[in-house]
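Visitor: Please find upload-v5.pdb (PDB, C-alpha atoms, pLDDT in the B column) on the next line:
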```pdb
ATOM      1  CA  MET A  30      -2.723 -14.052  -6.857  1.00 53.00           C
ATOM      2  CA  THR A  31      -4.703 -10.865  -6.667  1.00 72.00           C
ATOM      3  CA  ASN A  32      -3.548  -7.280  -6.531  1.00 87.00           C
ATOM      4  CA  GLU A  33      -6.795  -6.101  -4.970  1.00 95.00           C
ATOM      5  CA  VAL A  34      -8.230  -6.477  -1.477  1.00 97.00           C
ATOM      6  CA  THR A  35     -11.814  -5.738  -0.442  1.00 98.00           C
ATOM      7  CA  TYR A  36     -12.588  -4.252   2.982  1.00 98.00           C
ATOM      8  CA  ARG A  37     -15.643  -3.014   4.865  1.00 98.00           C
ATOM      9  CA  THR A  38     -15.142   0.235   6.748  1.00 98.00           C
ATOM     10  CA  ARG A  39     -15.657   0.138  10.503  1.00 97.00           C
ATOM     11  CA  TRP A  40     -16.574   2.540  13.277  1.00 96.00           C
ATOM     12  CA  ALA A  41     -12.877   2.810  14.164  1.00 97.00           C
ATOM     13  CA  ASP A  42     -12.150   4.094  10.624  1.00 97.00           C
ATOM     14  CA  MET A  43     -14.452   7.108  10.983  1.00 97.00           C
ATOM     15  CA  ASP A  44     -13.834  10.679  12.100  1.00 95.00           C
ATOM     16  CA  PRO A  45     -16.181  13.026  14.012  1.00 94.00           C
ATOM     17  CA  ASN A  46     -17.640  14.261  10.688  1.00 93.00           C
ATOM     18  CA  GLY A  47     -19.002  10.793   9.969  1.00 92.00           C
ATOM     19  CA  HIS A  48     -16.694   9.876   7.117  1.00 92.00           C
ATOM     20  CA  MET A  49     -13.493   7.892   6.899  1.00 97.00           C
ATOM     21  CA  ARG A  50     -10.632   9.524   8.798  1.00 96.00           C
ATOM     22  CA  HIS A  51      -7.553  10.568   6.854  1.00 96.00           C
ATOM     23  CA  SER A  52      -5.207   7.999   8.406  1.00 97.00           C
ATOM     24  CA  ALA A  53      -7.567   5.103   7.645  1.00 98.00           C
ATOM     25  CA  TYR A  54      -6.844   5.539   3.933  1.00 98.00           C
ATOM     26  CA  ALA A  55      -3.141   5.022   4.665  1.00 98.00           C
ATOM     27  CA  ASP A  56      -3.965   2.022   6.883  1.00 98.00           C
ATOM     28  CA  PHE A  57      -5.930   0.292   4.116  1.00 98.00           C
ATOM     29  CA  ALA A  58      -3.150   0.989   1.581  1.00 98.00           C
ATOM     30  CA  ALA A  59      -0.534  -0.409   3.983  1.00 97.00           C
ATOM     31  CA  ASP A  60      -2.609  -3.527   4.596  1.00 97.00           C
ATOM     32  CA  GLN A  61      -2.977  -4.112   0.856  1.00 97.00           C
ATOM     33  CA  ARG A  62       0.836  -3.979   0.519  1.00 95.00           C
ATOM     34  CA  VAL A  63       1.240  -6.480   3.377  1.00 95.00           C
ATOM     35  CA  VAL A  64      -1.312  -8.844   1.791  1.00 95.00           C
ATOM     36  CA  LEU A  65       0.467  -8.650  -1.567  1.00 93.00           C
ATOM     37  CA  LEU A  66       3.902  -9.263  -0.029  1.00 94.00           C
ATOM     38  CA  ALA A  67       2.539 -12.284   1.857  1.00 94.00           C
ATOM     39  CA  GLN A  68       1.109 -13.677  -1.388  1.00 93.00           C
ATOM     40  CA  TRP A  69       4.626 -13.518  -2.820  1.00 92.00           C
ATOM     41  CA  GLY A  70       5.937 -15.496   0.168  1.00 94.00           C
ATOM     42  CA  PHE A  71       7.204 -12.503   2.110  1.00 95.00           C
ATOM     43  CA  ASP A  72       5.023 -12.427   5.194  1.00 96.00           C
ATOM     44  CA  VAL A  73       6.037 -10.941   8.551  1.00 95.00           C
ATOM     45  CA  LYS A  74       7.792 -14.176   9.551  1.00 97.00           C
ATOM     46  CA  ARG A  75       9.842 -14.270   6.332  1.00 96.00           C
ATOM     47  CA  PHE A  76      10.893 -10.633   6.726  1.00 96.00           C
ATOM     48  CA  ALA A  77      11.979 -11.387  10.312  1.00 97.00           C
ATOM     49  CA  GLU A  78      14.092 -14.309   9.051  1.00 97.00           C
ATOM     50  CA  LEU A  79      15.685 -12.072   6.405  1.00 97.00           C
ATOM     51  CA  ARG A  80      16.168  -9.248   8.942  1.00 98.00           C
ATOM     52  CA  LEU A  81      14.646  -6.965   6.309  1.00 97.00           C
ATOM     53  CA  GLY A  82      11.690  -4.619   6.251  1.00 96.00           C
ATOM     54  CA  PRO A  83       9.983  -2.099   3.989  1.00 96.00           C
ATOM     55  CA  ILE A  84      10.114   1.554   5.017  1.00 97.00           C
ATOM     56  CA  LEU A  85       8.420   4.668   3.671  1.00 97.00           C
ATOM     57  CA  PHE A  86       9.949   8.059   2.931  1.00 97.00           C
ATOM     58  CA  ARG A  87       6.814   9.768   1.682  1.00 98.00           C
ATOM     59  CA  GLU A  88       3.095   9.135   1.766  1.00 98.00           C
ATOM     60  CA  GLU A  89       0.605  11.335  -0.049  1.00 98.00           C
ATOM     61  CA  THR A  90      -3.155  10.926  -0.157  1.00 98.00           C
ATOM     62  CA  LYS A  91      -5.535  12.571  -2.613  1.00 97.00           C
ATOM     63  CA  TYR A  92      -9.132  12.478  -1.404  1.00 97.00           C
ATOM     64  CA  LEU A  93     -11.713  12.381  -4.170  1.00 97.00           C
ATOM     65  CA  LYS A  94     -14.967  10.908  -2.803  1.00 97.00           C
ATOM     66  CA  GLU A  95     -16.323  10.542   0.706  1.00 96.00           C
ATOM     67  CA  VAL A  96     -16.312   7.070   2.273  1.00 97.00           C
ATOM     68  CA  ASN A  97     -18.812   6.289   5.037  1.00 96.00           C
ATOM     69  CA  ILE A  98     -19.167   3.680   7.760  1.00 96.00           C
ATOM     70  CA  GLY A  99     -20.042   0.182   6.599  1.00 97.00           C
ATOM     71  CA  GLU A 100     -19.062   0.838   2.993  1.00 97.00           C
ATOM     72  CA  GLU A 101     -17.278  -1.818   1.017  1.00 98.00           C
ATOM     73  CA  ILE A 102     -14.074  -0.516  -0.554  1.00 98.00           C
ATOM     74  CA  ARG A 103     -11.498  -2.119  -2.831  1.00 98.00           C
ATOM     75  CA  VAL A 104      -7.804  -1.273  -2.639  1.00 98.00           C
ATOM     76  CA  ASN A 105      -5.140  -2.087  -5.201  1.00 96.00           C
ATOM     77  CA  GLY A 106      -1.496  -1.176  -5.650  1.00 95.00           C
ATOM     78  CA  HIS A 107       0.453  -0.432  -8.791  1.00 94.00           C
ATOM     79  CA  LEU A 108       4.162   0.093  -9.206  1.00 94.00           C
ATOM     80  CA  ALA A 109       4.789   3.659 -10.402  1.00 95.00           C
ATOM     81  CA  SER A 110       8.584   3.341 -10.414  1.00 94.00           C
ATOM     82  CA  ALA A 111      11.445   1.252  -9.064  1.00 93.00           C
ATOM     83  CA  SER A 112      15.214   1.427  -9.155  1.00 94.00           C
ATOM     84  CA  ALA A 113      16.968  -1.157 -11.326  1.00 92.00           C
ATOM     85  CA  ASP A 114      18.084  -3.160  -8.275  1.00 94.00           C
ATOM     86  CA  GLY A 115      14.660  -2.917  -6.585  1.00 93.00           C
ATOM     87  CA  SER A 116      16.040  -1.027  -3.601  1.00 96.00           C
ATOM     88  CA  ARG A 117      13.705   1.975  -3.961  1.00 96.00           C
ATOM     89  CA  TRP A 118      10.179   2.113  -5.267  1.00 96.00           C
ATOM     90  CA  THR A 119       6.968   4.108  -5.592  1.00 96.00           C
ATOM     91  CA  ILE A 120       3.539   2.501  -5.336  1.00 96.00           C
ATOM     92  CA  VAL A 121       0.207   4.136  -6.110  1.00 97.00           C
ATOM     93  CA  HIS A 122      -2.756   2.639  -4.278  1.00 97.00           C
ATOM     94  CA  THR A 123      -6.248   3.307  -5.588  1.00 97.00           C
ATOM     95  CA  ILE A 124      -9.171   3.064  -3.177  1.00 98.00           C
ATOM     96  CA  PHE A 125     -12.492   2.425  -4.901  1.00 97.00           C
ATOM     97  CA  LYS A 126     -16.007   2.805  -3.580  1.00 97.00           C
ATOM     98  CA  ALA A 127     -18.335  -0.181  -4.129  1.00 95.00           C
ATOM     99  CA  ASP A 128     -19.820   1.536  -7.201  1.00 96.00           C
ATOM    100  CA  GLY A 129     -16.381   1.709  -8.828  1.00 95.00           C
ATOM    101  CA  ARG A 130     -15.716   5.408  -8.293  1.00 97.00           C
ATOM    102  CA  VAL A 131     -12.242   6.311  -7.058  1.00 97.00           C
ATOM    103  CA  ALA A 132     -12.439   7.533  -3.463  1.00 97.00           C
ATOM    104  CA  ALA A 133      -8.724   8.271  -3.038  1.00 98.00           C
ATOM    105  CA  THR A 134      -5.215   7.531  -4.151  1.00 97.00           C
ATOM    106  CA  VAL A 135      -2.356   6.899  -1.745  1.00 98.00           C
ATOM    107  CA  THR A 136       1.146   7.261  -3.175  1.00 98.00           C
ATOM    108  CA  VAL A 137       4.119   5.959  -1.204  1.00 98.00           C
ATOM    109  CA  ASP A 138       7.862   6.148  -1.817  1.00 98.00           C
ATOM    110  CA  GLY A 139       9.785   3.412  -0.057  1.00 97.00           C
ATOM    111  CA  ALA A 140      12.859   1.255   0.224  1.00 98.00           C
ATOM    112  CA  TRP A 141      14.174  -1.805   2.048  1.00 98.00           C
ATOM    113  CA  LEU A 142      15.873  -1.554   5.436  1.00 98.00           C
ATOM    114  CA  ASP A 143      18.484  -3.973   6.775  1.00 98.00           C
ATOM    115  CA  LEU A 144      17.135  -4.364  10.312  1.00 97.00           C
ATOM    116  CA  ASP A 145      20.533  -5.231  11.838  1.00 98.00           C
ATOM    117  CA  ARG A 146      22.620  -2.507  10.202  1.00 98.00           C
ATOM    118  CA  ARG A 147      19.731   0.030  10.177  1.00 97.00           C
ATOM    119  CA  LYS A 148      20.774   0.965   6.647  1.00 97.00           C
ATOM    120  CA  LEU A 149      19.049   0.854   3.290  1.00 97.00           C
ATOM    121  CA  THR A 150      19.751  -2.312   1.347  1.00 98.00           C
ATOM    122  CA  VAL A 151      19.024  -4.168  -1.867  1.00 97.00           C
ATOM    123  CA  PRO A 152      16.303  -6.808  -1.488  1.00 97.00           C
ATOM    124  CA  PRO A 153      16.923 -10.496  -2.219  1.00 96.00           C
ATOM    125  CA  ALA A 154      16.620 -11.272  -5.941  1.00 95.00           C
ATOM    126  CA  GLU A 155      13.405 -13.247  -5.352  1.00 94.00           C
ATOM    127  CA  LEU A 156      11.735 -10.246  -3.687  1.00 94.00           C
ATOM    128  CA  ALA A 157      12.994  -7.810  -6.327  1.00 93.00           C
ATOM    129  CA  ALA A 158      11.599 -10.065  -9.067  1.00 91.00           C
ATOM    130  CA  ALA A 159       8.236 -10.415  -7.322  1.00 89.00           C
ATOM    131  CA  PHE A 160       8.065  -6.680  -6.746  1.00 83.00           C
ATOM    132  CA  GLY A 161       8.873  -6.098 -10.403  1.00 83.00           C
ATOM    133  CA  SER A 162       5.890  -8.263 -11.349  1.00 86.00           C
ATOM    134  CA  MET A 163       3.462  -5.830  -9.715  1.00 87.00           C
ATOM    135  CA  PRO A 164       1.090  -4.216 -12.226  1.00 86.00           C
ATOM    136  CA  VAL A 165       2.440  -0.903 -13.516  1.00 87.00           C
ATOM    137  CA  TYR A 166       0.626   2.305 -12.651  1.00 85.00           C
ATOM    138  CA  GLU A 167      -0.798   4.292 -15.527  1.00 82.00           C
ATOM    139  CA  ALA A 168      -1.845   7.817 -14.629  1.00 75.00           C
ATOM    140  CA  PRO A 169      -5.397   8.634 -15.663  1.00 67.00           C
ATOM    141  CA  THR A 170      -5.711  10.834 -18.721  1.00 59.00           C
ATOM    142  CA  LYS A 171      -7.518  14.110 -18.290  1.00 56.00           C
TER     143      LYS A 171
END
```
For the structure just supplied, provide its representation as structure tokens.
Guide:
Amino acid sequence: MTNEVTYRTRWADMDPNGHMRHSAYADFAADQRVVLLAQWGFDVKRFAELRLGPILFREETKYLKEVNIGEEIRVNGHLASASADGSRWTIVHTIFKADGRVAATVTVDGAWLDLDRRKLTVPPAELAAAFGSMPVYEAPTK
């Protein structure tokens, strides 16, 4: 399994200034999370069967380097924190330019939602264990 996904930016990802639009960073981070969950056996179909879904409370993006159309980018996700039962978590996504420079970081705080009760819930043990196996985020030293 890999914790990193490579993408090529498209016309639809760009803004009128000719660089990647702000919401595209969030889209790539979200897709990387979906890819990782599917690798663990929790794809959209599995979540529908469990009547469970991830939700976000906060999303913060720090823009560091410009990304242009047609660029190859790599996106990974690291677990910054999680509650003991796995019900709440923080992930930091790093978006790299092809040359290895960090273009942005996207930090999300989330939890699991019981889709029938519309209430926060604890994930199944298998999902909590998989989530806990995610690489741990280490803040860069200045």
Visitor: Using only C-alpha atoms, what does the table of stretch 113-159 of chain A residues within 12 Å of stretch 68-73 of chain A look like, with each row giving the shortest atom pair and its distance in Å to one decimal, sorted by chain and ascending number, as a tab-separated table?
Guide:
```
residue	atom	partner	partner_atom	distance
A:Pro152	CA	A:Phe71	CA	11.3
A:Pro153	CA	A:Phe71	CA	10.8
A:Glu155	CA	A:Trp69	CA	9.1
A:Leu156	CA	A:Phe71	CA	7.7
A:Ala157	CA	A:Trp69	CA	10.7
A:Ala158	CA	A:Trp69	CA	10.0
A:Ala159	CA	A:Trp69	CA	6.6
```
Visitor: Counting all atoms listed in the file, give me one row per residue of stretch 66-129 of chain A with an atom at most 9 Å from an atom of stretch 54-60 of chain A, showing the shortest contact pair and its distance in Å to one decimal, sorted by chain then residue number, as JSON lines.
Guide:
```
{"residue": "A:Glu88", "atom": "CA", "partner": "A:Ala55", "partner_atom": "CA", "distance": 8.0}
{"residue": "A:Glu89", "atom": "CA", "partner": "A:Ala55", "partner_atom": "CA", "distance": 8.7}
{"residue": "A:Thr90", "atom": "CA", "partner": "A:Ala55", "partner_atom": "CA", "distance": 7.6}
{"residue": "A:Val104", "atom": "CA", "partner": "A:Ala58", "partner_atom": "CA", "distance": 6.7}
{"residue": "A:Asn105", "atom": "CA", "partner": "A:Ala58", "partner_atom": "CA", "distance": 7.7}
{"residue": "A:Gly106", "atom": "CA", "partner": "A:Ala58", "partner_atom": "CA", "distance": 7.7}
{"residue": "A:Val121", "atom": "CA", "partner": "A:Ala58", "partner_atom": "CA", "distance": 9.0}
{"residue": "A:His122", "atom": "CA", "partner": "A:Ala58", "partner_atom": "CA", "distance": 6.1}
{"residue": "A:Thr123", "atom": "CA", "partner": "A:Ala58", "partner_atom": "CA", "distance": 8.1}
{"residue": "A:Ile124", "atom": "CA", "partner": "A:Tyr54", "partner_atom": "CA", "distance": 7.9}
```
Visitor: Which polymer residues have any atom within 7 Å of an atom of A:Leu93, counting all atoms listed in the file, with same-chain residues fewer than 2 positions away left out, as a list in words?
Guide: Lys91, Glu95, Val131, Ala132 and Ala133 of chain A
Visitor: Report the residues retrieved by the PyMOL selection byres ((chain A and resi 35) around 7) from the displayed file, expressed as a ChimeraX atom specification.
Guide: /A:33-34,36,101-104
Visitor: Using only C-alpha atoms, which of the listed residues (A:Leu65, A:Ile120, A:Ile98, A:Ala77) sits closest to A:Trp40?
Guide: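 Among the listed residues, the smallest separation from A:Trp40 belongs to A:Ile98.
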Visitor: Using all atoms listed in the file, which of A:Arg130, A:Arg37, A:Arg62, A:Arg50 sits nearest A:Leu108?
Guide: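 Counting all atoms listed in the file, the residue closest to A:Leu108 is A:Arg62.
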Visitor: Between A:Thr150, A:Thr31, A:Asn46, A:Ser52, which one has atoms that come closest to A:Arg117, using all atoms listed in the file?
Guide: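 Answer, going by the shortest atom-to-atom distance: A:Thr150.
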Visitor: Using atom CA of A:Leu66 and atom CA of A:Thr136 as the two end points, give the distance in Å to one decimal.
Guide: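 Value for the atom CA of A:Leu66-atom CA of A:Thr136 distance: 17.0 Å.
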Visitor: Suppose you want the space between atom CA of A:Ala113 and atom CA of A:Thr134; what is it in Å?
Guide: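 Separation between atom CA of A:Ala113 and atom CA of A:Thr134: 24.9 Å.
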Visitor: Of the residues A:Arg75, A:Arg146, A:Arg87, A:Pro164, which is the one nearest to A:Ala109, using all atoms listed in the file?
Guide: A:Pro164
